[in-house]
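Asker: I'm passing along work35.txt; it holds compact mmCIF, C-alpha atoms and all ligand atoms.
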# COMPACT_ATOMS: atom_id res chain seq x y z
CA MET L 2 0.00 0.00 0.00
CA GLU L 3 1.33 3.44 -0.90
CA THR L 4 2.25 5.81 1.91
CA VAL L 5 0.70 9.26 2.14
CA VAL L 6 2.30 12.05 4.17
CA SER L 7 1.12 15.61 4.63
CA GLY L 8 1.02 18.32 7.25
CA ILE L 9 -0.35 21.73 8.04
CA ARG L 10 1.58 24.36 9.98
CA SER L 11 0.32 25.34 13.39
CA THR L 12 -0.25 29.00 12.70
CA GLY L 13 -3.86 29.29 13.82
CA LYS L 14 -7.31 28.34 12.70
CA LEU L 15 -7.64 26.48 9.40
CA HIS L 16 -9.37 28.18 6.49
CA LEU L 17 -11.15 27.03 3.34
CA GLY L 18 -7.80 27.03 1.47
CA ASN L 19 -6.35 24.51 3.91
CA TYR L 20 -9.56 22.52 3.74
CA TYR L 21 -9.99 22.20 -0.01
CA GLY L 22 -6.25 22.21 -0.79
CA ALA L 23 -5.29 19.62 1.80
CA LEU L 24 -7.57 18.50 4.61
CA SER L 25 -10.56 17.28 2.58
CA ASN L 26 -8.19 15.06 0.60
CA PHE L 27 -6.63 13.72 3.82
CA VAL L 28 -10.06 12.51 4.87
CA LYS L 29 -10.69 10.70 1.58
CA MET L 30 -7.22 9.23 1.30
CA GLN L 31 -7.27 7.54 4.70
CA ASN L 32 -9.57 4.85 3.33
CA GLU L 33 -7.16 3.93 0.52
CA TYR L 34 -3.64 4.48 1.81
CA ASN L 35 -1.28 4.20 4.73
CA CYS L 36 -1.57 7.81 5.95
CA PHE L 37 0.57 10.05 8.16
CA PHE L 38 -0.94 13.48 8.88
CA PHE L 39 1.00 15.77 11.16
CA ILE L 40 0.95 19.23 12.66
CA ALA L 41 4.02 21.06 11.38
CA ASP L 42 4.90 22.91 14.59
CA LEU L 43 8.63 23.06 13.76
CA HIS L 44 7.86 24.75 10.46
CA SER L 45 5.75 27.33 12.24
CA LEU L 46 8.75 28.43 14.35
CA THR L 47 10.06 30.54 11.45
CA THR L 48 7.67 33.29 12.53
CA HIS L 49 8.60 33.09 16.24
CA PRO L 50 5.26 32.32 17.94
CA THR L 51 5.07 32.77 21.72
CA PRO L 52 5.31 29.46 23.67
CA HIS L 53 1.70 29.82 24.78
CA GLY L 54 0.55 30.74 21.29
CA LEU L 55 2.35 27.77 19.78
CA GLN L 56 0.71 25.30 22.15
CA GLY L 57 -2.71 26.75 21.41
CA THR L 58 -2.31 26.55 17.63
CA VAL L 59 -0.96 22.98 17.71
CA ARG L 60 -3.99 21.95 19.74
CA GLN L 61 -6.30 23.82 17.37
CA VAL L 62 -4.96 21.95 14.33
CA ILE L 63 -5.32 18.57 16.06
CA VAL L 64 -8.93 19.46 16.89
CA GLU L 65 -9.64 20.58 13.33
CA TYR L 66 -8.06 17.45 11.83
CA LEU L 67 -10.38 15.34 13.93
CA ALA L 68 -13.38 17.58 13.27
CA ALA L 69 -12.81 17.34 9.52
CA GLY L 70 -13.07 13.57 9.80
CA ILE L 71 -9.54 12.22 10.05
CA ASP L 72 -9.94 9.00 11.96
CA PRO L 73 -7.03 8.33 14.33
CA GLU L 74 -7.68 4.59 14.03
CA LYS L 75 -7.15 4.73 10.27
CA SER L 76 -4.52 7.48 9.96
CA THR L 77 -1.51 8.39 12.05
CA ILE L 78 -2.08 11.90 13.42
CA TYR L 79 0.98 13.34 15.16
CA VAL L 80 2.80 16.49 16.13
CA GLN L 81 6.01 16.94 14.12
CA SER L 82 8.15 17.76 17.16
CA ASP L 83 7.05 14.50 18.84
CA VAL L 84 9.21 12.73 16.27
CA PRO L 85 12.71 14.21 16.71
CA GLU L 86 14.10 11.79 14.10
CA VAL L 87 12.75 14.27 11.53
CA ALA L 88 15.04 16.97 12.90
CA GLU L 89 18.05 14.67 12.73
CA LEU L 90 17.29 13.67 9.16
CA TYR L 91 16.96 17.40 8.39
CA LEU L 92 20.52 17.91 9.59
CA TYR L 93 21.81 15.20 7.25
CA MET L 94 19.77 16.38 4.28
CA ASN L 95 20.92 19.98 4.77
CA MET L 96 24.39 18.84 3.70
CA ASN L 97 23.07 18.16 0.19
CA ALA L 98 20.82 21.18 -0.21
CA TYR L 99 22.48 24.06 -1.99
CA LEU L 100 22.14 27.74 -1.26
CA GLY L 101 21.31 28.66 -4.87
CA GLU L 102 18.36 26.27 -5.18
CA LEU L 103 17.02 27.21 -1.75
CA GLU L 104 17.20 30.92 -2.56
CA ARG L 105 15.38 30.34 -5.84
CA ALA L 106 12.35 28.69 -4.19
CA THR L 107 9.26 30.80 -4.90
CA ALA L 108 7.88 30.55 -1.36
CA PHE L 109 11.22 31.72 0.04
CA LYS L 110 11.40 34.66 -2.35
CA ASP L 111 7.84 35.65 -1.42
CA LYS L 112 8.73 35.62 2.29
CA VAL L 113 11.84 37.70 1.68
CA ARG L 114 9.74 40.23 -0.19
CA SER L 115 6.90 40.35 2.33
CA ASN L 116 8.99 40.26 5.50
CA PRO L 117 12.58 41.36 4.81
CA ASP L 118 13.35 41.78 8.52
CA ASN L 119 12.97 38.08 9.30
CA VAL L 120 14.87 36.16 6.64
CA ASN L 121 16.16 33.43 8.95
CA ALA L 122 17.97 30.21 8.05
CA GLY L 123 14.91 28.17 9.04
CA LEU L 124 12.97 29.91 6.31
CA LEU L 125 15.70 29.18 3.79
CA THR L 126 15.87 25.50 4.65
CA TYR L 127 12.10 25.11 5.08
CA PRO L 128 11.91 22.87 1.96
CA VAL L 129 14.58 20.56 3.40
CA LEU L 130 12.60 20.01 6.59
CA MET L 131 9.49 19.47 4.50
CA ALA L 132 11.32 16.89 2.38
CA CYS L 133 12.36 15.10 5.58
CA ASP L 134 8.76 14.96 6.80
CA ILE L 135 7.94 12.99 3.67
CA LEU L 136 11.13 10.96 3.28
CA ILE L 137 11.14 9.79 6.90
CA HIS L 138 8.04 7.67 6.16
CA HIS L 139 8.92 6.94 2.51
CA GLY L 140 5.82 8.81 1.41
CA THR L 141 4.96 8.80 -2.29
CA LYS L 142 1.69 10.75 -2.36
CA VAL L 143 1.42 14.15 -0.74
CA PRO L 144 -1.97 15.88 -0.67
CA VAL L 145 -1.26 19.62 -0.82
CA GLY L 146 -2.49 22.79 -2.48
CA LYS L 147 -1.01 24.27 -5.63
CA ASP L 148 1.40 26.52 -3.68
CA GLN L 149 3.35 23.47 -2.47
CA GLU L 150 4.11 21.95 -5.86
CA GLN L 151 7.64 23.35 -6.03
CA HIS L 152 8.43 22.02 -2.56
CA LEU L 153 7.52 18.54 -3.79
CA GLU L 154 9.85 18.97 -6.73
CA MET L 155 12.62 19.90 -4.28
CA THR L 156 11.77 16.86 -2.15
CA ARG L 157 12.41 14.65 -5.19
CA THR L 158 15.66 16.49 -5.91
CA PHE L 159 16.96 16.00 -2.35
CA GLY L 160 15.94 12.34 -2.19
CA ASN L 161 17.44 11.53 -5.58
CA ARG L 162 20.63 13.39 -4.71
CA PHE L 163 20.99 11.38 -1.53
CA ASN L 164 20.50 8.15 -3.51
CA ARG L 165 23.18 9.19 -6.02
CA LEU L 166 25.64 10.40 -3.41
CA TYR L 167 25.56 7.12 -1.52
CA ASP L 168 24.87 4.97 -4.55
CA VAL L 169 21.70 3.52 -3.08
CA ASP L 170 18.13 3.14 -4.22
CA TYR L 171 16.72 4.22 -0.89
CA PHE L 172 14.37 7.21 -1.03
CA LYS L 173 11.33 7.05 -3.29
CA GLU L 174 9.96 9.94 -5.32
CA ALA L 175 6.96 11.74 -3.84
CA PHE L 176 4.38 13.66 -5.83
CA ALA L 177 1.79 16.27 -4.92
CA PHE L 178 -1.70 14.80 -4.99
CA SER L 179 -5.24 15.97 -5.39
CA TYR L 180 -8.40 14.06 -6.33
CA SER L 181 -9.26 16.78 -8.83
CA ASP L 182 -7.27 16.84 -12.06
CA LYS L 183 -5.35 19.93 -10.94
CA LEU L 184 -3.88 20.95 -7.59
CA VAL L 185 -6.24 23.33 -5.86
CA LYS L 186 -5.74 27.04 -5.28
CA VAL L 187 -8.54 28.57 -3.26
CA PRO L 188 -8.68 32.35 -3.72
CA GLY L 189 -9.24 34.73 -0.83
CA LEU L 190 -11.98 37.31 -0.28
CA ALA L 191 -9.63 40.30 -0.38
CA GLY L 192 -9.63 40.38 -4.17
CA GLN L 193 -6.11 39.13 -4.84
CA GLY L 194 -4.29 35.82 -4.80
CA LYS L 195 -4.83 32.70 -2.73
CA MET L 196 -6.65 32.63 0.58
CA GLY L 197 -4.14 33.08 3.38
CA LYS L 198 -3.87 34.52 6.86
CA SER L 199 -1.06 36.81 5.80
CA ASN L 200 -3.58 38.75 3.69
CA GLY L 201 -5.55 39.63 6.81
CA GLU L 202 -8.56 38.18 8.61
CA ALA L 203 -11.04 39.45 6.03
CA ASP L 204 -9.40 37.31 3.32
CA CYS L 205 -10.15 34.02 5.04
CA ILE L 206 -13.20 31.97 5.87
CA TYR L 207 -12.19 29.77 8.79
CA LEU L 208 -13.71 26.35 9.38
CA SER L 209 -14.55 27.57 12.87
CA ASP L 210 -16.22 30.83 11.75
CA SER L 211 -19.84 31.13 12.86
CA GLU L 212 -22.59 31.42 10.26
CA THR L 213 -22.95 35.12 11.04
CA VAL L 214 -19.23 35.76 10.59
CA ILE L 215 -19.18 33.87 7.28
CA ARG L 216 -22.11 35.91 5.93
CA LYS L 217 -20.54 39.17 7.07
CA LYS L 218 -17.15 38.37 5.51
CA VAL L 219 -18.62 37.29 2.19
CA MET L 220 -20.94 40.30 1.89
CA ARG L 221 -17.92 42.56 2.47
CA ALA L 222 -15.71 40.74 -0.06
CA VAL L 223 -14.11 42.93 -2.71
CA SER L 224 -16.23 43.24 -5.87
CA ASP L 225 -16.99 46.07 -8.32
CA SER L 226 -19.94 47.88 -9.85
CA GLY L 227 -20.72 45.01 -12.22
CA PRO L 228 -20.17 44.16 -15.90
CA THR L 229 -20.98 46.79 -18.47
CA GLU L 230 -20.74 44.62 -21.58
CA MET L 231 -22.05 41.17 -22.41
CA ASN L 232 -19.54 38.29 -22.05
CA GLN L 233 -16.92 40.59 -20.64
CA PRO L 234 -13.88 38.91 -19.00
CA LYS L 235 -14.06 38.95 -15.21
CA PRO L 236 -11.67 41.16 -13.25
CA GLU L 237 -9.53 39.26 -10.68
CA ALA L 238 -11.68 40.04 -7.62
CA ILE L 239 -14.84 38.83 -9.38
CA GLN L 240 -13.15 35.78 -10.87
CA ASN L 241 -11.98 34.90 -7.35
CA LEU L 242 -15.54 34.91 -6.06
CA PHE L 243 -16.60 32.69 -8.95
CA ASP L 244 -13.69 30.37 -8.21
CA LEU L 245 -14.80 30.21 -4.58
CA MET L 246 -18.29 29.37 -5.75
CA LYS L 247 -16.85 26.59 -7.89
CA VAL L 248 -15.32 25.12 -4.74
CA VAL L 249 -18.34 25.28 -2.41
CA SER L 250 -21.44 25.39 -4.63
CA THR L 251 -23.05 23.04 -7.12
CA ALA L 252 -22.23 23.21 -10.84
CA ASP L 253 -25.78 24.43 -11.52
CA THR L 254 -25.45 27.35 -9.14
CA LEU L 255 -22.15 28.34 -10.68
CA GLN L 256 -23.57 28.15 -14.18
CA HIS L 257 -26.62 30.19 -13.18
CA PHE L 258 -24.54 33.13 -11.91
CA ASP L 259 -22.08 32.83 -14.75
CA GLU L 260 -24.92 33.24 -17.23
CA LEU L 261 -26.27 36.24 -15.32
CA TYR L 262 -22.80 37.79 -15.37
CA ASN L 263 -22.46 37.25 -19.10
CA LYS L 264 -25.86 38.82 -19.69
CA CYS L 265 -24.92 41.79 -17.44
CA GLU L 266 -27.84 40.84 -15.20
CA ILE L 267 -25.91 39.73 -12.15
CA ARG L 268 -26.65 41.36 -8.80
CA TYR L 269 -23.62 40.92 -6.59
CA GLY L 270 -25.79 41.08 -3.46
CA ASP L 271 -27.67 37.92 -4.52
CA PHE L 272 -24.52 36.29 -5.78
CA LYS L 273 -22.69 36.84 -2.49
CA LYS L 274 -25.70 35.74 -0.47
CA GLN L 275 -25.75 32.43 -2.33
CA LEU L 276 -21.99 32.04 -1.94
CA ALA L 277 -22.22 32.68 1.81
CA GLU L 278 -25.06 30.16 2.24
CA ASP L 279 -23.12 27.51 0.35
CA MET L 280 -20.05 28.18 2.53
CA VAL L 281 -22.16 27.87 5.66
CA LEU L 282 -23.52 24.56 4.39
CA ALA L 283 -20.08 23.28 3.41
CA THR L 284 -18.64 23.99 6.87
CA ASN L 285 -21.63 23.13 9.09
CA ASP L 286 -20.55 19.64 10.12
CA VAL L 287 -16.91 20.49 10.73
CA ARG L 288 -17.83 23.60 12.70
CA SER L 289 -20.13 21.77 15.09
CA ARG L 290 -17.56 19.02 15.66
CA ILE L 291 -14.79 21.56 16.35
CA GLU L 292 -16.79 22.81 19.33
CA ASP L 293 -17.36 19.31 20.72
CA ILE L 294 -13.82 17.98 20.28
CA SER L 295 -12.24 21.17 21.55
CA ASN L 296 -13.64 20.47 25.01
CA ASP L 297 -12.23 16.96 25.19
CA ASP L 298 -8.66 17.27 26.50
CA ALA L 299 -8.37 13.57 27.27
CA TYR L 300 -9.29 12.56 23.72
CA ILE L 301 -6.86 15.07 22.19
CA ALA L 302 -4.05 13.75 24.42
CA LYS L 303 -4.88 10.16 23.53
CA VAL L 304 -4.82 10.86 19.80
CA ALA L 305 -1.51 12.75 20.01
CA LYS L 306 0.12 9.97 22.05
CA MET L 307 -1.07 7.18 19.79
CA GLY L 308 0.09 9.09 16.70
CA ALA L 309 3.49 9.94 18.19
CA GLU L 310 4.09 6.27 18.93
CA LYS L 311 3.13 5.07 15.46
CA ALA L 312 5.04 7.83 13.64
CA SER L 313 8.13 7.31 15.82
CA GLU L 314 8.25 3.65 14.96
CA SER L 315 8.33 4.37 11.23
CA ALA L 316 10.79 7.29 11.65
CA HIS L 317 13.13 5.34 13.89
CA LYS L 318 13.52 2.60 11.31
CA THR L 319 14.32 5.09 8.54
CA LEU L 320 16.83 6.98 10.63
CA LYS L 321 18.64 3.82 11.61
CA GLU L 322 19.01 2.90 7.94
CA VAL L 323 20.02 6.42 6.93
CA ARG L 324 22.75 6.50 9.57
CA GLU L 325 24.09 3.20 8.26
CA ILE L 326 24.04 4.45 4.67
CA ILE L 327 25.89 7.63 5.63
CA GLY L 328 28.40 5.74 7.76
CA ILE L 329 27.48 7.10 11.14
CA LYS L 330 28.49 4.43 13.58
CA ARG L 331 28.78 4.02 17.32
CA PHE L 332 32.26 2.87 18.44
CA TYR L 333 31.11 1.58 21.80
P1 LIG L 401 0.56 25.50 5.29
O1 LIG L 401 0.18 25.45 6.70
O2 LIG L 401 0.99 26.79 4.71
O3 LIG L 401 -0.62 24.96 4.37
C1 LIG L 401 -1.22 23.73 4.65
C2 LIG L 401 -1.90 23.16 3.44
O4 LIG L 401 -2.95 24.01 2.98
C3 LIG L 401 -2.77 24.29 1.60
N1 LIG L 401 -3.27 25.65 1.33
C4 LIG L 401 -4.03 25.95 0.28
N2 LIG L 401 -4.50 25.20 -0.73
C5 LIG L 401 -5.28 25.80 -1.64
N3 LIG L 401 -5.59 27.13 -1.59
C6 LIG L 401 -5.15 27.92 -0.60
N4 LIG L 401 -5.50 29.19 -0.54
C7 LIG L 401 -4.31 27.33 0.39
N5 LIG L 401 -3.69 27.82 1.50
C8 LIG L 401 -3.05 26.77 2.06
C9 LIG L 401 -1.28 24.18 1.36
O5 LIG L 401 -1.01 23.94 0.00
C10 LIG L 401 -0.94 23.00 2.24
O6 LIG L 401 -1.22 21.79 1.59
N6 LIG L 401 4.64 23.51 3.80
C11 LIG L 401 3.33 22.97 4.13
C12 LIG L 401 3.35 22.24 5.46
C13 LIG L 401 4.22 21.03 5.43
C14 LIG L 401 4.02 19.87 4.64
C15 LIG L 401 5.13 19.02 4.92
C16 LIG L 401 3.06 19.49 3.72
C17 LIG L 401 5.35 20.85 6.15
N7 LIG L 401 5.91 19.64 5.85
C18 LIG L 401 5.24 17.75 4.32
C19 LIG L 401 3.19 18.23 3.10
C20 LIG L 401 4.27 17.39 3.41
C21 LIG L 401 2.34 24.13 4.10
O7 LIG L 401 2.14 24.72 3.10
O8 LIG L 401 1.71 24.43 5.19
In structure tokens, what does this structure look like?

Answerer:
Amino acid sequence: METVVSGIRSTGKLHLGNYYGALSNFVKMQNEYNCFFFIADLHSLTTHPTPHGLQGTVRQVIVEYLAAGIDPEKSTIYVQSDVPEVAELYLYMNMNAYLGELERATAFKDKVRSNPDNVNAGLLTYPVLMACDILIHHGTKVPVGKDQEQHLEMTRTFGNRFNRLYDVDYFKEAFAFSYSDKLVKVPGLAGQGKMGKSNGEADCIYLSDSETVIRKKVMRAVSDSGPTEMNQPKPEAIQNLFDLMKVVSTADTLQHFDELYNKCEIRYGDFKKQLAEDMVLATNDVRSRIEDISNDDAYIAKVAKMGAEKASESAHKTLKEVREIIGIKRFY
């Protein structure tokens, strides 16, 4: 059975981008594959969370994994830092990751541009740690959103380079995965680019947002005064709202509003109302489970412990083999 590995950083509440890009696929994949889903708390250290804040966000992601339907009996759910073998593998793999390729990574360049005062080495070597998350379990399928495609390419580069350097056929190639034909990019409500917390609260619909908050955010989403010509191409902000509708609504609903747009008969108030209702519907189940699970400390602890044990077993075996391949040996 193929092994699936993926993770989400502990940076706060999960939004529709995380859900449709990653989490919803996790839930489907657990019935078909050997799955490891983790909370990437080490990756989230690049932005220096407070100790209290970090603990809260790790817990939040565990809760939301469970609320979305990841079954801890079927999948291994664990916190990345509970498996320190990953950090050791990261040290070894850093020796074969080159400055030029790391500096060229799109996500790194974006971070440098958006936050030039915090260009730390952890940010630079982020793709190496991510590769290790996957390689440590010999993962071959990685459910992620479109923005992570390049990191998967780098994962293959690092694994293949290791194999060549030590003349072994050890690490397998991993590929980004989505059930749809293309990797998903969920746009945000702020009018530009993909949904993300760094674009501000108003850009994101969180899985834990109440119905009222969802409606408010959608009604305030960036739009314009409407089309002035028939069949006119949609400006980015409007296209984004249509793309969001494609994600949460039925094909009929999408087609209905598309036709109205093309006939210059669309009323954005109605359009947004429909979009908001479909988002409410899409998140109803997860939202109600978040509240229930969030109160169950004992269950959360049990899941984290069980996952740490299972993930450690797999990671320990890999690390032992990697040390042997590299030539790291105990002389006592
Ligand atoms: P993070 O926390 O930034 O994102 C987690 C997942 O959510 C997806 N995602 C989106 N997908 C579609 N549209 C969006 N607007 C959107 N926003 C976020 C991301 O593509 C991702 O799948 N680097 C990873 C975390 C990670 C990881 C790994 C993933 C660390 N190690 C190993 C897979 C395997 C990340 O992007 O986290």

Asker: Let me see if you get this right: every residue at most 9 Å from ligand LIG 401 (chain L), counting only C-alpha atoms and all ligand atoms, written as number ranges by chain.

Answerer: L: 5-12, 15-24, 38-45, 81, 127-128, 130-135, 140, 143-150, 152-153, 177, 184-189, 194-198, 205

Asker: Tell me, in Å to one decimal, how far atom CA of Glu278 of chain L is from atom CA of Leu261 of chain L.

Answerer: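 Here the two named atoms are 18.6 Å from each other.
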
Asker: Which of these, L:Thr229, L:Thr319, L:Asn119, L:Ser209, has the shortest distance to His49 of chain L once you count only C-alpha atoms?

Answerer: L:Asn119

Asker: Please write as a compact mmCIF listing (two decimals) with C-alpha atoms, keeping the file's coordinate frame the list of polymer residues whose atoms come within 12 Å of (12.9, 6.3, 14.8), counting only C-alpha atoms and keeping to the coordinates of the file.

Answerer:
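Generated file (out-v6.txt):
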# COMPACT_ATOMS: atom_id res chain seq x y z
CA ASP L 83 7.05 14.50 18.84
CA VAL L 84 9.21 12.73 16.27
CA PRO L 85 12.71 14.21 16.71
CA GLU L 86 14.10 11.79 14.10
CA VAL L 87 12.75 14.27 11.53
CA ALA L 88 15.04 16.97 12.90
CA GLU L 89 18.05 14.67 12.73
CA LEU L 90 17.29 13.67 9.16
CA ILE L 137 11.14 9.79 6.90
CA HIS L 138 8.04 7.67 6.16
CA ALA L 309 3.49 9.94 18.19
CA GLU L 310 4.09 6.27 18.93
CA LYS L 311 3.13 5.07 15.46
CA ALA L 312 5.04 7.83 13.64
CA SER L 313 8.13 7.31 15.82
CA GLU L 314 8.25 3.65 14.96
CA SER L 315 8.33 4.37 11.23
CA ALA L 316 10.79 7.29 11.65
CA HIS L 317 13.13 5.34 13.89
CA LYS L 318 13.52 2.60 11.31
CA THR L 319 14.32 5.09 8.54
CA LEU L 320 16.83 6.98 10.63
CA LYS L 321 18.64 3.82 11.61
CA GLU L 322 19.01 2.90 7.94
CA VAL L 323 20.02 6.42 6.93
CA ARG L 324 22.75 6.50 9.57

Asker: Taking all atoms listed in the file into account, which of L:Asn35, L:Met231, L:Gly192, L:Thr48 comes nearest Lys112 of chain L?

Answerer: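 Looking only at the distances to Lys112 of chain L, the closest residue turns out to be L:Thr48.
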
Asker: Between atom CA of Lys306 of chain L and atom CA of Arg60 of chain L, what distance in Å does the model show, to one decimal?

Answerer: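 Straight-line distance from atom CA of Lys306 of chain L to atom CA of Arg60 of chain L works out to 12.9 Å.
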
Asker: Smallest atom-to-atom distance to Ala299 of chain L: which of L:Ala238, L:Val120, L:Val64, L:Gln31, using only C-alpha atoms?

Answerer: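 Comparing L:Ala238, L:Val120, L:Val64, L:Gln31 against Ala299 of chain L, the winner is L:Val64.
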
Asker: Please report the interatomic distance between atom CA of Leu282 of chain L and atom CA of Asp244 of chain L in Å with one decimal.

Answerer: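 Interatomic distance here is 17.0 Å.
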
Asker: So which one's closest to Lys75 of chain L, L:Cys36, L:Val113, L:Leu46, L:Ile206? Using only C-alpha atoms, please.

Answerer: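 That would be L:Cys36, the residue with the smallest distance to Lys75 of chain L.
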
Asker: Using all atoms listed in the file for the distances, tell me which of L:Val28, L:Leu208, L:Met155, L:Met246 is nearest to Asp279 of chain L.

Answerer: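 Of L:Val28, L:Leu208, L:Met155, L:Met246, the one nearest Asp279 of chain L, counting all atoms listed in the file, is L:Met246.
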
Asker: Can you pull out every residue within 9 Å of Arg288 of chain L, counting all atoms listed in the file, but drop anything in the same chain fewer than 5 positions away, and send it as a PyMOL selection string?

Answerer: chain L and resi 65+68-69+208-211

Asker: Given the choices L:Ser82, L:Asn161, L:Ser181, L:Thr4, which gets closest to Ala305 of chain L if the distance is worked out from all atoms listed in the file?

Answerer: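 Looking at the shortest contact to Ala305 of chain L, the residue is L:Ser82.
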
Asker: I want to know what sits within 9 Å of Pro73 of chain L, based on all atoms listed in the file, with residues of the same chain fewer than 2 positions away left out; could you give that as JSON, numbers by chain?

Answerer: {"L": [67, 71, 75, 76, 77, 78, 304, 307, 308]}

Asker: For the residues in the current selection, export C-alpha atoms as a compact mmCIF listing (two decimals), in the coordinates of the input.

Answerer:
# COMPACT_ATOMS: atom_id res chain seq x y z
CA LEU L 67 -10.38 15.34 13.93
CA ILE L 71 -9.54 12.22 10.05
CA LYS L 75 -7.15 4.73 10.27
CA SER L 76 -4.52 7.48 9.96
CA THR L 77 -1.51 8.39 12.05
CA ILE L 78 -2.08 11.90 13.42
CA VAL L 304 -4.82 10.86 19.80
CA MET L 307 -1.07 7.18 19.79
CA GLY L 308 0.09 9.09 16.70
